[in-house]
file query-v2.cif (mmCIF, N, CA and C atoms)
data_work
loop_
_atom_site.label_atom_id
_atom_site.label_comp_id
_atom_site.auth_asym_id
_atom_site.auth_seq_id
_atom_site.Cartn_x
_atom_site.Cartn_y
_atom_site.Cartn_z
N MET A 220 11.35 15.47 0.01
CA MET A 220 10.56 14.31 0.33
C MET A 220 11.47 13.24 0.91
N VAL A 221 10.97 12.56 1.91
CA VAL A 221 11.69 11.47 2.53
C VAL A 221 10.87 10.21 2.35
N GLY A 222 11.48 9.18 1.76
CA GLY A 222 10.87 7.86 1.63
C GLY A 222 11.84 6.84 2.17
N TYR A 223 11.31 5.74 2.61
CA TYR A 223 12.13 4.73 3.27
C TYR A 223 12.42 3.58 2.33
N GLY A 224 13.69 3.17 2.30
CA GLY A 224 14.09 2.09 1.43
C GLY A 224 13.86 0.74 2.09
N PRO A 225 13.91 -0.32 1.36
CA PRO A 225 14.01 -0.26 -0.09
C PRO A 225 12.66 0.01 -0.74
N TYR A 226 12.69 0.75 -1.77
CA TYR A 226 11.55 1.01 -2.63
C TYR A 226 10.37 1.67 -1.93
N HIS A 227 10.60 2.44 -0.92
CA HIS A 227 9.54 3.19 -0.24
C HIS A 227 8.39 2.32 0.23
N LYS A 228 8.68 1.09 0.65
CA LYS A 228 7.65 0.18 1.11
C LYS A 228 6.97 0.74 2.36
N LEU A 229 5.67 0.59 2.42
CA LEU A 229 4.90 1.11 3.54
C LEU A 229 5.38 0.55 4.87
N TRP A 230 5.74 -0.74 4.91
CA TRP A 230 6.13 -1.34 6.18
C TRP A 230 7.51 -0.93 6.64
N ASN A 231 8.22 -0.09 5.90
CA ASN A 231 9.46 0.53 6.37
C ASN A 231 9.21 1.95 6.87
N PHE A 232 7.99 2.38 6.78
CA PHE A 232 7.58 3.75 7.10
C PHE A 232 7.33 3.84 8.60
N THR A 233 8.30 4.39 9.35
CA THR A 233 8.16 4.44 10.80
C THR A 233 8.46 5.82 11.35
N VAL A 234 7.99 6.06 12.54
CA VAL A 234 8.22 7.33 13.23
C VAL A 234 9.70 7.53 13.52
N ASP A 235 10.46 6.44 13.58
CA ASP A 235 11.90 6.54 13.88
C ASP A 235 12.65 7.43 12.90
N HIS A 236 12.10 7.62 11.69
CA HIS A 236 12.78 8.40 10.67
C HIS A 236 12.31 9.85 10.58
N VAL A 237 11.35 10.21 11.42
CA VAL A 237 10.80 11.57 11.36
C VAL A 237 11.81 12.57 11.92
N MET A 238 12.02 13.62 11.15
CA MET A 238 12.89 14.72 11.58
C MET A 238 11.99 15.84 12.07
N LEU A 239 11.89 15.97 13.36
CA LEU A 239 11.01 16.98 13.94
C LEU A 239 11.53 18.38 13.65
N ASN A 240 10.62 19.31 13.60
CA ASN A 240 10.94 20.72 13.38
C ASN A 240 11.57 20.99 12.01
N ARG A 241 11.25 20.17 11.04
CA ARG A 241 11.69 20.39 9.66
C ARG A 241 10.43 20.59 8.82
N SER A 242 9.97 21.80 8.72
CA SER A 242 8.68 22.08 8.08
C SER A 242 8.70 21.88 6.56
N ASN A 243 9.87 21.72 5.98
CA ASN A 243 9.94 21.57 4.53
C ASN A 243 10.12 20.11 4.09
N VAL A 244 9.80 19.16 4.96
CA VAL A 244 9.96 17.75 4.65
C VAL A 244 8.59 17.08 4.55
N ILE A 245 8.37 16.35 3.47
CA ILE A 245 7.17 15.55 3.28
C ILE A 245 7.59 14.08 3.35
N TYR A 246 6.85 13.29 4.10
CA TYR A 246 7.15 11.87 4.26
C TYR A 246 6.29 11.07 3.30
N THR A 247 6.93 10.22 2.51
CA THR A 247 6.23 9.55 1.43
C THR A 247 6.47 8.05 1.44
N PHE A 248 5.49 7.33 0.91
CA PHE A 248 5.61 5.89 0.75
C PHE A 248 4.89 5.49 -0.54
N ASP A 249 5.18 4.28 -1.02
CA ASP A 249 4.49 3.70 -2.17
C ASP A 249 3.58 2.60 -1.65
N TYR A 250 2.50 2.33 -2.38
CA TYR A 250 1.56 1.27 -1.99
C TYR A 250 1.32 0.39 -3.20
N PHE A 251 2.18 -0.62 -3.33
CA PHE A 251 2.08 -1.56 -4.44
C PHE A 251 1.82 -2.96 -3.89
N VAL A 252 0.69 -3.13 -3.23
CA VAL A 252 0.31 -4.41 -2.66
C VAL A 252 -1.14 -4.70 -2.98
N PRO A 253 -1.46 -5.94 -3.24
CA PRO A 253 -0.51 -7.01 -3.53
C PRO A 253 0.18 -6.78 -4.87
N GLU A 254 1.37 -7.30 -5.00
CA GLU A 254 2.15 -7.04 -6.20
C GLU A 254 1.48 -7.55 -7.47
N ALA A 255 0.68 -8.61 -7.36
CA ALA A 255 -0.03 -9.11 -8.53
C ALA A 255 -0.96 -8.05 -9.10
N TRP A 256 -1.48 -7.17 -8.24
CA TRP A 256 -2.38 -6.10 -8.68
C TRP A 256 -1.62 -4.95 -9.30
N THR A 257 -0.40 -4.77 -8.88
CA THR A 257 0.38 -3.64 -9.34
C THR A 257 1.21 -3.95 -10.58
N PHE A 258 1.83 -5.11 -10.59
CA PHE A 258 2.78 -5.43 -11.65
C PHE A 258 2.28 -6.52 -12.58
N GLY A 259 1.18 -7.15 -12.26
CA GLY A 259 0.60 -8.19 -13.10
C GLY A 259 1.31 -9.51 -12.93
N GLU A 260 0.58 -10.53 -12.58
CA GLU A 260 1.10 -11.87 -12.42
C GLU A 260 0.03 -12.84 -12.90
N PRO A 261 0.42 -14.08 -13.17
CA PRO A 261 -0.58 -15.03 -13.67
C PRO A 261 -1.75 -15.26 -12.70
N GLU A 262 -1.47 -15.28 -11.41
CA GLU A 262 -2.51 -15.50 -10.41
C GLU A 262 -2.87 -14.17 -9.77
N ILE A 263 -3.98 -13.61 -10.19
CA ILE A 263 -4.43 -12.33 -9.64
C ILE A 263 -5.56 -12.60 -8.67
N PRO A 264 -5.38 -12.26 -7.38
CA PRO A 264 -6.45 -12.51 -6.42
C PRO A 264 -7.69 -11.65 -6.71
N THR A 265 -8.84 -12.22 -6.48
CA THR A 265 -10.10 -11.50 -6.64
C THR A 265 -10.35 -10.67 -5.38
N TYR A 266 -10.86 -9.48 -5.58
CA TYR A 266 -11.13 -8.55 -4.49
C TYR A 266 -12.63 -8.34 -4.38
N PRO A 267 -13.21 -8.47 -3.20
CA PRO A 267 -12.60 -8.97 -1.97
C PRO A 267 -12.47 -10.49 -1.98
N GLY A 268 -11.67 -10.97 -1.06
CA GLY A 268 -11.47 -12.41 -0.94
C GLY A 268 -10.62 -12.72 0.28
N VAL A 269 -10.38 -13.99 0.52
CA VAL A 269 -9.55 -14.44 1.65
C VAL A 269 -8.39 -15.24 1.06
N TYR A 270 -7.17 -14.88 1.47
CA TYR A 270 -5.96 -15.50 0.91
C TYR A 270 -4.92 -15.72 1.99
N ASN A 271 -3.91 -16.56 1.67
CA ASN A 271 -2.75 -16.68 2.55
C ASN A 271 -2.03 -15.34 2.56
N CYS A 272 -1.42 -15.06 3.66
CA CYS A 272 -0.71 -13.78 3.82
C CYS A 272 0.31 -13.57 2.71
N THR A 273 1.03 -14.61 2.31
CA THR A 273 2.07 -14.43 1.29
C THR A 273 1.50 -14.23 -0.10
N THR A 274 0.21 -14.40 -0.29
CA THR A 274 -0.41 -14.04 -1.56
C THR A 274 -0.57 -12.53 -1.63
N LEU A 275 -0.79 -11.92 -0.48
CA LEU A 275 -1.02 -10.47 -0.43
C LEU A 275 0.28 -9.69 -0.22
N TYR A 276 1.21 -10.25 0.50
CA TYR A 276 2.52 -9.64 0.71
C TYR A 276 3.56 -10.63 0.20
N THR A 277 4.55 -10.16 -0.53
CA THR A 277 5.58 -11.07 -1.02
C THR A 277 6.28 -11.75 0.15
N SER A 278 6.84 -12.90 -0.11
CA SER A 278 7.48 -13.67 0.96
C SER A 278 8.61 -12.89 1.63
N VAL A 279 9.21 -11.96 0.91
CA VAL A 279 10.26 -11.14 1.50
C VAL A 279 9.72 -10.34 2.69
N TRP A 280 8.46 -9.92 2.60
CA TRP A 280 7.88 -9.08 3.65
C TRP A 280 7.02 -9.86 4.64
N ALA A 281 6.94 -11.17 4.47
CA ALA A 281 6.07 -11.98 5.33
C ALA A 281 6.43 -11.85 6.81
N ASP A 282 7.72 -11.76 7.14
CA ASP A 282 8.11 -11.64 8.55
C ASP A 282 7.53 -10.38 9.19
N VAL A 283 7.44 -9.32 8.42
CA VAL A 283 6.95 -8.05 8.94
C VAL A 283 5.43 -7.97 8.87
N CYS A 284 4.84 -8.45 7.80
CA CYS A 284 3.42 -8.24 7.53
C CYS A 284 2.52 -9.39 7.93
N CYS A 285 3.09 -10.52 8.27
CA CYS A 285 2.28 -11.70 8.58
C CYS A 285 2.58 -12.18 10.00
N PRO A 286 2.09 -11.48 11.00
CA PRO A 286 2.41 -11.85 12.39
C PRO A 286 1.89 -13.24 12.78
N SER A 287 0.86 -13.74 12.10
CA SER A 287 0.32 -15.07 12.39
C SER A 287 0.93 -16.15 11.50
N GLY A 288 1.94 -15.78 10.73
CA GLY A 288 2.62 -16.73 9.86
C GLY A 288 2.26 -16.53 8.40
N PRO A 289 3.13 -16.97 7.49
CA PRO A 289 2.93 -16.73 6.06
C PRO A 289 1.72 -17.44 5.47
N ASN A 290 1.27 -18.52 6.08
CA ASN A 290 0.12 -19.24 5.56
C ASN A 290 -1.19 -18.88 6.24
N ALA A 291 -1.15 -17.92 7.14
CA ALA A 291 -2.37 -17.49 7.82
C ALA A 291 -3.31 -16.83 6.82
N SER A 292 -4.60 -17.05 7.00
CA SER A 292 -5.60 -16.44 6.13
C SER A 292 -5.80 -14.99 6.47
N MET A 293 -5.94 -14.17 5.43
CA MET A 293 -6.20 -12.75 5.60
C MET A 293 -7.32 -12.34 4.65
N SER A 294 -8.17 -11.45 5.10
CA SER A 294 -9.20 -10.90 4.24
C SER A 294 -8.59 -9.80 3.39
N PHE A 295 -8.76 -9.91 2.09
CA PHE A 295 -8.30 -8.90 1.14
C PHE A 295 -9.52 -8.06 0.80
N ASP A 296 -9.69 -6.96 1.55
CA ASP A 296 -10.87 -6.12 1.41
C ASP A 296 -10.55 -4.72 1.92
N ALA A 297 -11.57 -3.88 2.06
CA ALA A 297 -11.36 -2.49 2.49
C ALA A 297 -10.69 -2.44 3.86
N SER A 298 -11.06 -3.34 4.76
CA SER A 298 -10.46 -3.32 6.10
C SER A 298 -8.97 -3.67 6.05
N TRP A 299 -8.57 -4.50 5.08
CA TRP A 299 -7.15 -4.85 4.92
C TRP A 299 -6.34 -3.62 4.54
N ASN A 300 -6.84 -2.85 3.57
CA ASN A 300 -6.15 -1.62 3.17
C ASN A 300 -6.10 -0.63 4.33
N THR A 301 -7.22 -0.42 5.00
CA THR A 301 -7.26 0.51 6.12
C THR A 301 -6.28 0.08 7.22
N ALA A 302 -6.23 -1.22 7.51
CA ALA A 302 -5.31 -1.72 8.53
C ALA A 302 -3.86 -1.46 8.15
N ASN A 303 -3.52 -1.60 6.86
CA ASN A 303 -2.15 -1.29 6.41
C ASN A 303 -1.82 0.16 6.69
N PHE A 304 -2.71 1.07 6.34
CA PHE A 304 -2.46 2.50 6.56
C PHE A 304 -2.42 2.82 8.05
N ASP A 305 -3.35 2.24 8.81
CA ASP A 305 -3.40 2.49 10.26
C ASP A 305 -2.13 2.02 10.95
N LYS A 306 -1.60 0.90 10.53
CA LYS A 306 -0.42 0.34 11.19
C LYS A 306 0.85 1.12 10.89
N TRP A 307 1.02 1.57 9.63
CA TRP A 307 2.29 2.18 9.26
C TRP A 307 2.22 3.67 8.95
N ALA A 308 1.25 4.14 8.23
CA ALA A 308 1.23 5.55 7.82
C ALA A 308 0.69 6.48 8.91
N ILE A 309 -0.34 6.06 9.60
CA ILE A 309 -0.97 6.95 10.58
C ILE A 309 -0.04 7.29 11.74
N PRO A 310 0.76 6.36 12.27
CA PRO A 310 1.69 6.78 13.32
C PRO A 310 2.66 7.89 12.88
N VAL A 311 3.09 7.85 11.62
CA VAL A 311 3.96 8.92 11.12
C VAL A 311 3.16 10.21 11.00
N LYS A 312 1.96 10.13 10.46
CA LYS A 312 1.10 11.30 10.35
C LYS A 312 0.81 11.90 11.72
N ASN A 313 0.65 11.04 12.73
CA ASN A 313 0.38 11.51 14.09
C ASN A 313 1.58 12.22 14.71
N ALA A 314 2.74 12.16 14.07
CA ALA A 314 3.91 12.91 14.53
C ALA A 314 3.82 14.36 14.06
N ASN A 315 2.67 14.72 13.47
CA ASN A 315 2.40 16.09 13.02
C ASN A 315 3.32 16.52 11.89
N VAL A 316 3.50 15.58 10.95
CA VAL A 316 4.29 15.87 9.74
C VAL A 316 3.43 15.51 8.53
N PRO A 317 3.68 16.13 7.38
CA PRO A 317 2.91 15.79 6.19
C PRO A 317 3.27 14.41 5.64
N VAL A 318 2.23 13.63 5.31
CA VAL A 318 2.41 12.29 4.78
C VAL A 318 1.72 12.23 3.42
N PHE A 319 2.42 11.64 2.45
CA PHE A 319 1.91 11.59 1.09
C PHE A 319 2.18 10.22 0.49
N LEU A 320 1.16 9.58 -0.04
CA LEU A 320 1.34 8.33 -0.77
C LEU A 320 1.83 8.69 -2.16
N ASN A 321 3.10 8.42 -2.40
CA ASN A 321 3.78 8.84 -3.61
C ASN A 321 3.15 8.23 -4.86
N GLN A 322 2.81 6.93 -4.82
CA GLN A 322 2.20 6.29 -5.98
C GLN A 322 1.55 4.98 -5.57
N TRP A 323 0.43 4.71 -6.22
CA TRP A 323 -0.26 3.43 -6.09
C TRP A 323 -1.05 3.20 -7.36
N SER A 324 -1.40 1.95 -7.62
CA SER A 324 -2.14 1.66 -8.85
C SER A 324 -2.67 0.24 -8.84
N VAL A 325 -3.38 -0.07 -9.90
CA VAL A 325 -3.79 -1.43 -10.23
C VAL A 325 -3.40 -1.61 -11.69
N VAL A 326 -2.62 -2.65 -11.97
CA VAL A 326 -2.16 -2.88 -13.33
C VAL A 326 -3.36 -3.05 -14.26
N HIS A 327 -3.20 -2.61 -15.47
CA HIS A 327 -4.28 -2.65 -16.47
C HIS A 327 -4.85 -4.05 -16.66
N GLY A 328 -4.05 -5.07 -16.47
CA GLY A 328 -4.49 -6.44 -16.69
C GLY A 328 -5.43 -7.01 -15.64
N VAL A 329 -5.63 -6.29 -14.51
CA VAL A 329 -6.59 -6.77 -13.52
C VAL A 329 -7.98 -6.40 -14.02
N PRO A 330 -8.81 -7.39 -14.31
CA PRO A 330 -10.13 -7.09 -14.90
C PRO A 330 -11.13 -6.59 -13.87
N ALA A 331 -12.16 -5.92 -14.36
CA ALA A 331 -13.22 -5.40 -13.49
C ALA A 331 -13.85 -6.52 -12.67
N GLN A 332 -14.03 -7.70 -13.26
CA GLN A 332 -14.67 -8.80 -12.54
C GLN A 332 -13.81 -9.33 -11.39
N ALA A 333 -12.53 -8.99 -11.36
CA ALA A 333 -11.66 -9.37 -10.24
C ALA A 333 -11.74 -8.34 -9.12
N GLY A 334 -12.54 -7.29 -9.28
CA GLY A 334 -12.71 -6.31 -8.22
C GLY A 334 -11.86 -5.06 -8.37
N ARG A 335 -11.33 -4.84 -9.56
CA ARG A 335 -10.44 -3.72 -9.83
C ARG A 335 -10.99 -2.38 -9.33
N TYR A 336 -12.21 -2.05 -9.71
CA TYR A 336 -12.74 -0.74 -9.37
C TYR A 336 -13.15 -0.63 -7.91
N GLN A 337 -13.58 -1.72 -7.31
CA GLN A 337 -13.91 -1.69 -5.88
C GLN A 337 -12.64 -1.48 -5.07
N TYR A 338 -11.55 -2.16 -5.46
CA TYR A 338 -10.27 -1.99 -4.78
C TYR A 338 -9.82 -0.53 -4.87
N MET A 339 -9.87 0.04 -6.06
CA MET A 339 -9.45 1.43 -6.24
C MET A 339 -10.29 2.36 -5.37
N SER A 340 -11.59 2.15 -5.36
CA SER A 340 -12.49 2.97 -4.55
C SER A 340 -12.18 2.83 -3.06
N ASP A 341 -11.98 1.60 -2.60
CA ASP A 341 -11.72 1.37 -1.18
C ASP A 341 -10.39 1.99 -0.73
N VAL A 342 -9.36 1.87 -1.55
CA VAL A 342 -8.07 2.48 -1.19
C VAL A 342 -8.21 4.00 -1.13
N ALA A 343 -8.84 4.59 -2.13
CA ALA A 343 -9.02 6.05 -2.14
C ALA A 343 -9.83 6.52 -0.93
N LYS A 344 -10.87 5.79 -0.57
CA LYS A 344 -11.68 6.15 0.60
C LYS A 344 -10.88 6.03 1.89
N SER A 345 -10.08 4.97 2.01
CA SER A 345 -9.25 4.79 3.21
C SER A 345 -8.25 5.94 3.36
N LEU A 346 -7.64 6.33 2.24
CA LEU A 346 -6.67 7.43 2.28
C LEU A 346 -7.35 8.75 2.62
N GLN A 347 -8.50 8.97 2.04
CA GLN A 347 -9.23 10.20 2.33
C GLN A 347 -9.61 10.26 3.80
N ALA A 348 -10.10 9.16 4.34
CA ALA A 348 -10.49 9.11 5.75
C ALA A 348 -9.28 9.35 6.67
N ALA A 349 -8.11 8.89 6.23
CA ALA A 349 -6.89 9.06 7.02
C ALA A 349 -6.26 10.44 6.84
N GLY A 350 -6.73 11.19 5.85
CA GLY A 350 -6.14 12.50 5.59
C GLY A 350 -4.79 12.42 4.93
N VAL A 351 -4.58 11.37 4.12
CA VAL A 351 -3.31 11.18 3.43
C VAL A 351 -3.52 11.49 1.94
N GLY A 352 -2.72 12.41 1.41
CA GLY A 352 -2.77 12.73 -0.01
C GLY A 352 -2.13 11.63 -0.81
N TRP A 353 -2.45 11.55 -2.11
CA TRP A 353 -1.91 10.48 -2.92
C TRP A 353 -1.83 10.86 -4.39
N ALA A 354 -1.03 10.07 -5.13
CA ALA A 354 -0.93 10.21 -6.58
C ALA A 354 -1.17 8.84 -7.19
N TRP A 355 -2.00 8.81 -8.23
CA TRP A 355 -2.31 7.57 -8.95
C TRP A 355 -1.22 7.32 -9.98
N TRP A 356 -0.67 6.13 -10.00
CA TRP A 356 0.38 5.76 -10.93
C TRP A 356 -0.27 5.02 -12.08
N VAL A 357 -0.27 5.61 -13.24
CA VAL A 357 -0.89 5.00 -14.41
C VAL A 357 0.14 4.19 -15.16
N TRP A 358 -0.08 2.90 -15.21
CA TRP A 358 0.81 1.99 -15.92
C TRP A 358 -0.06 0.95 -16.59
N ARG A 359 0.04 0.82 -17.87
CA ARG A 359 -0.86 -0.05 -18.61
C ARG A 359 -0.27 -1.44 -18.86
N GLY A 360 0.80 -1.77 -18.19
CA GLY A 360 1.36 -3.11 -18.37
C GLY A 360 0.46 -4.18 -17.79
N GLY A 361 0.89 -5.43 -17.92
CA GLY A 361 0.19 -6.55 -17.28
C GLY A 361 -0.96 -7.11 -18.03
#
call {"tool": "encode", "arguments": {"input": "query-v2.cif", "output": "structure tokens"}}
result
Amino acid sequence: MVGYGPYHKLWNFTVDHVMLNRSNVIYTFDYFVPEAWTFGEPEIPTYPGVYNCTTLYTSVWADVCCPSGPNASMSFDASWNTANFDKWAIPVKNANVPVFLNQWSVVHGVPAQAGRYQYMSDVAKSLQAAGVGWAWWVWRGG
């Protein structure tokens, strides 16, 4: 398996790293965005909703993920997840190599009323539509 550092972030997942004609290589990434949903934070955005880009992507990744600036409004909904996969994972998949989402989750502390189950459903549907396999990361922290 090949994942891109640091931490197998989706936005580091590019065709530039594909090794053609290597049939035994699977390309993998992690999907832990927004981090408040994955690791638990005091301010958990409600899904769906509209937020500043840096609420959905940490400020470290704002240069890559926020082309309209860190304070630009973004919809946090099914189309946001699909756009993330379309921008970074699908180009690698289109190189005719296997792509696998190594792990994704929603921290236990995100309540149902914040959209926990809708988010999970939308991500799974987006991945299925894209033909990307995945593993659910069960972590009860937060």
call {"tool": "closest_residue", "arguments": {"input": "query-v2.cif", "among": "A:Ser345, A:His327, A:Pro286, A:Leu239", "to": "A:Phe258", "atoms": "all atoms listed in the file"}}
result
A:His327
call {"tool": "residues_around", "arguments": {"input": "query-v2.cif", "residues": "A:Thr273", "least_positions_apart": "6", "cutoff": "8 Å", "atoms": "all atoms listed in the file", "output": "PyMOL selection string"}}
result
chain A and resi 279-281+284-285+288-293
call {"tool": "write_last_selection", "arguments": {"input": "query-v2.cif", "atoms": "N, CA and C atoms", "output": "tab-separated table (two decimals), keeping the file's coordinate frame"}}
result
chain	number	residue	atom	x	y	z
A	279	VAL	N	9.21	-11.96	0.91
A	279	VAL	CA	10.26	-11.14	1.50
A	279	VAL	C	9.72	-10.34	2.69
A	280	TRP	N	8.46	-9.92	2.60
A	280	TRP	CA	7.88	-9.08	3.65
A	280	TRP	C	7.02	-9.86	4.64
A	281	ALA	N	6.94	-11.17	4.47
A	281	ALA	CA	6.07	-11.98	5.33
A	281	ALA	C	6.43	-11.85	6.81
A	284	CYS	N	4.84	-8.45	7.80
A	284	CYS	CA	3.42	-8.24	7.53
A	284	CYS	C	2.52	-9.39	7.93
A	285	CYS	N	3.09	-10.52	8.27
A	285	CYS	CA	2.28	-11.70	8.58
A	285	CYS	C	2.58	-12.18	10.00
A	288	GLY	N	1.94	-15.78	10.73
A	288	GLY	CA	2.62	-16.73	9.86
A	288	GLY	C	2.26	-16.53	8.40
A	289	PRO	N	3.13	-16.97	7.49
A	289	PRO	CA	2.93	-16.73	6.06
A	289	PRO	C	1.72	-17.44	5.47
A	290	ASN	N	1.27	-18.52	6.08
A	290	ASN	CA	0.12	-19.24	5.56
A	290	ASN	C	-1.19	-18.88	6.24
A	291	ALA	N	-1.15	-17.92	7.14
A	291	ALA	CA	-2.37	-17.49	7.82
A	291	ALA	C	-3.31	-16.83	6.82
A	292	SER	N	-4.60	-17.05	7.00
A	292	SER	CA	-5.60	-16.44	6.13
A	292	SER	C	-5.80	-14.99	6.47
A	293	MET	N	-5.94	-14.17	5.43
A	293	MET	CA	-6.20	-12.75	5.60
A	293	MET	C	-7.32	-12.34	4.65
call {"tool": "select_by_dssp", "arguments": {"input": "query-v2.cif", "residues": "stretch 221-361 of chain A", "states": "strand (DSSP E or B)", "output": "number ranges by chain"}}
result
A: 221-222, 228, 246-250, 268-271, 292-295, 318-323, 352-355
call {"tool": "atom_distance", "arguments": {"input": "query-v2.cif", "atom1": "atom CA of A:Lys312", "atom2": "atom CA of A:Ser324"}}
result
21.7 Å
call {"tool": "closest_residue", "arguments": {"input": "query-v2.cif", "among": "A:Val234, A:Met339, A:Val221, A:Leu346", "to": "A:Pro310", "atoms": "all atoms listed in the file"}}
result
A:Val234
call {"tool": "closest_residue", "arguments": {"input": "query-v2.cif", "among": "A:Ser287, A:Asn271, A:Ser242, A:Ser298", "to": "A:Lys344", "atoms": "only C-alpha atoms"}}
result
A:Ser298
call {"tool": "residues_around", "arguments": {"input": "query-v2.cif", "residues": "stretch 259-267 of chain A", "least_positions_apart": "6", "cutoff": "5 Å", "atoms": "all atoms listed in the file", "output": "JSON, numbers by chain"}}
result
{"A": [295, 296, 333, 334, 361]}
call {"tool": "atom_distance", "arguments": {"input": "query-v2.cif", "atom1": "atom CA of A:Gly328", "atom2": "atom CA of A:Ala302"}}
result
25.7 Å
call {"tool": "resolve_selection", "arguments": {"input": "query-v2.cif", "expression": "the PyMOL selection byres ((chain A and resi 222) around 6)", "output": "list of chain:residue names"}}
result
A:Met220, A:Val221, A:Tyr223, A:Gly224, A:His227, A:Tyr246, A:Thr247, A:Phe248
call {"tool": "residues_around", "arguments": {"input": "query-v2.cif", "residues": "A:Gly352", "least_positions_apart": "3", "cutoff": "6 Å", "atoms": "all atoms listed in the file", "output": "list in words"}}
result
Val318, Phe319 and Leu320 of chain A
call {"tool": "write_last_selection", "arguments": {"input": "query-v2.cif", "atoms": "N, CA and C atoms", "output": "mmCIF file, in the frame of the given file"}}
result
data_model
loop_
_atom_site.group_PDB
_atom_site.id
_atom_site.type_symbol
_atom_site.label_atom_id
_atom_site.label_comp_id
_atom_site.auth_asym_id
_atom_site.auth_seq_id
_atom_site.Cartn_x
_atom_site.Cartn_y
_atom_site.Cartn_z
ATOM 1 N N VAL A 318 2.230 13.630 5.310
ATOM 2 C CA VAL A 318 2.410 12.290 4.780
ATOM 3 C C VAL A 318 1.720 12.230 3.420
ATOM 4 N N PHE A 319 2.420 11.640 2.450
ATOM 5 C CA PHE A 319 1.910 11.590 1.090
ATOM 6 C C PHE A 319 2.180 10.220 0.490
ATOM 7 N N LEU A 320 1.160 9.580 -0.040
ATOM 8 C CA LEU A 320 1.340 8.330 -0.770
ATOM 9 C C LEU A 320 1.830 8.690 -2.160
#
call {"tool": "atom_distance", "arguments": {"input": "query-v2.cif", "atom1": "atom N of A:Tyr276", "atom2": "atom C of A:Pro253"}}
result
6.5 Å
call {"tool": "closest_residue", "arguments": {"input": "query-v2.cif", "among": "A:Gln332, A:Ser340, A:Thr257, A:Pro317", "to": "A:Val244", "atoms": "all atoms listed in the file"}}
result
A:Pro317
call {"tool": "closest_residue", "arguments": {"input": "query-v2.cif", "among": "A:Asn315, A:Ala255, A:Trp355, A:Lys306", "to": "A:Asn240", "atoms": "all atoms listed in the file"}}
result
A:Asn315
call {"tool": "residues_around", "arguments": {"input": "query-v2.cif", "residues": "A:Asp249", "least_positions_apart": "2", "cutoff": "6.5 Å", "atoms": "only N, CA and C atoms", "output": "list in words"}}
result
Tyr226, His227, Lys228, Leu229, Thr247, Phe251, Leu320, Asn321, Gln322 and Trp323 of chain A
call {"tool": "select_by_dssp", "arguments": {"input": "query-v2.cif", "residues": "stretch 260-357 of chain A", "states": "helix (DSSP H, G or I)", "output": "PyMOL selection string"}}
result
chain A and resi 272-275+278-284+297-312+331-333+335-349
call {"tool": "decode", "arguments": {"input": "query-v2.cif", "residues": "stretch 286-297 of chain A", "atoms": "N, CA and C atoms", "output": "mmCIF file, in the first residue's frame"}}
result
data_model
loop_
_atom_site.group_PDB
_atom_site.id
_atom_site.type_symbol
_atom_site.label_atom_id
_atom_site.label_comp_id
_atom_site.auth_asym_id
_atom_site.auth_seq_id
_atom_site.Cartn_x
_atom_site.Cartn_y
_atom_site.Cartn_z
ATOM 1 N N PRO A 286 -9.234 27.603 -1.873
ATOM 2 C CA PRO A 286 -8.765 28.472 -2.959
ATOM 3 C C PRO A 286 -9.347 29.885 -2.903
ATOM 4 N N SER A 287 -10.496 30.062 -2.260
ATOM 5 C CA SER A 287 -11.107 31.392 -2.139
ATOM 6 C C SER A 287 -10.722 32.085 -0.835
ATOM 7 N N GLY A 288 -9.803 31.489 -0.101
ATOM 8 C CA GLY A 288 -9.333 32.075 1.152
ATOM 9 C C GLY A 288 -9.865 31.341 2.369
ATOM 10 N N PRO A 289 -9.164 31.439 3.493
ATOM 11 C CA PRO A 289 -9.530 30.686 4.698
ATOM 12 C C PRO A 289 -10.874 31.082 5.302
ATOM 13 N N ASN A 290 -11.326 32.297 5.055
ATOM 14 C CA ASN A 290 -12.598 32.738 5.616
ATOM 15 C C ASN A 290 -13.764 32.604 4.653
ATOM 16 N N ALA A 291 -13.522 32.045 3.489
ATOM 17 C CA ALA A 291 -14.597 31.856 2.515
ATOM 18 C C ALA A 291 -15.604 30.845 3.050
ATOM 19 N N SER A 292 -16.863 31.075 2.758
ATOM 20 C CA SER A 292 -17.920 30.157 3.181
ATOM 21 C C SER A 292 -17.937 28.923 2.309
ATOM 22 N N MET A 293 -18.147 27.779 2.953
ATOM 23 C CA MET A 293 -18.253 26.515 2.243
ATOM 24 C C MET A 293 -19.442 25.745 2.796
ATOM 25 N N SER A 294 -20.142 25.053 1.924
ATOM 26 C CA SER A 294 -21.231 24.182 2.359
ATOM 27 C C SER A 294 -20.644 22.875 2.843
ATOM 28 N N PHE A 295 -20.991 22.488 4.046
ATOM 29 C CA PHE A 295 -20.579 21.216 4.631
ATOM 30 C C PHE A 295 -21.755 20.270 4.450
ATOM 31 N N ASP A 296 -21.727 19.520 3.342
ATOM 32 C CA ASP A 296 -22.834 18.645 2.977
ATOM 33 C C ASP A 296 -22.324 17.544 2.049
ATOM 34 N N ALA A 297 -23.232 16.779 1.466
ATOM 35 C CA ALA A 297 -22.845 15.662 0.598
ATOM 36 C C ALA A 297 -21.991 16.141 -0.572
#
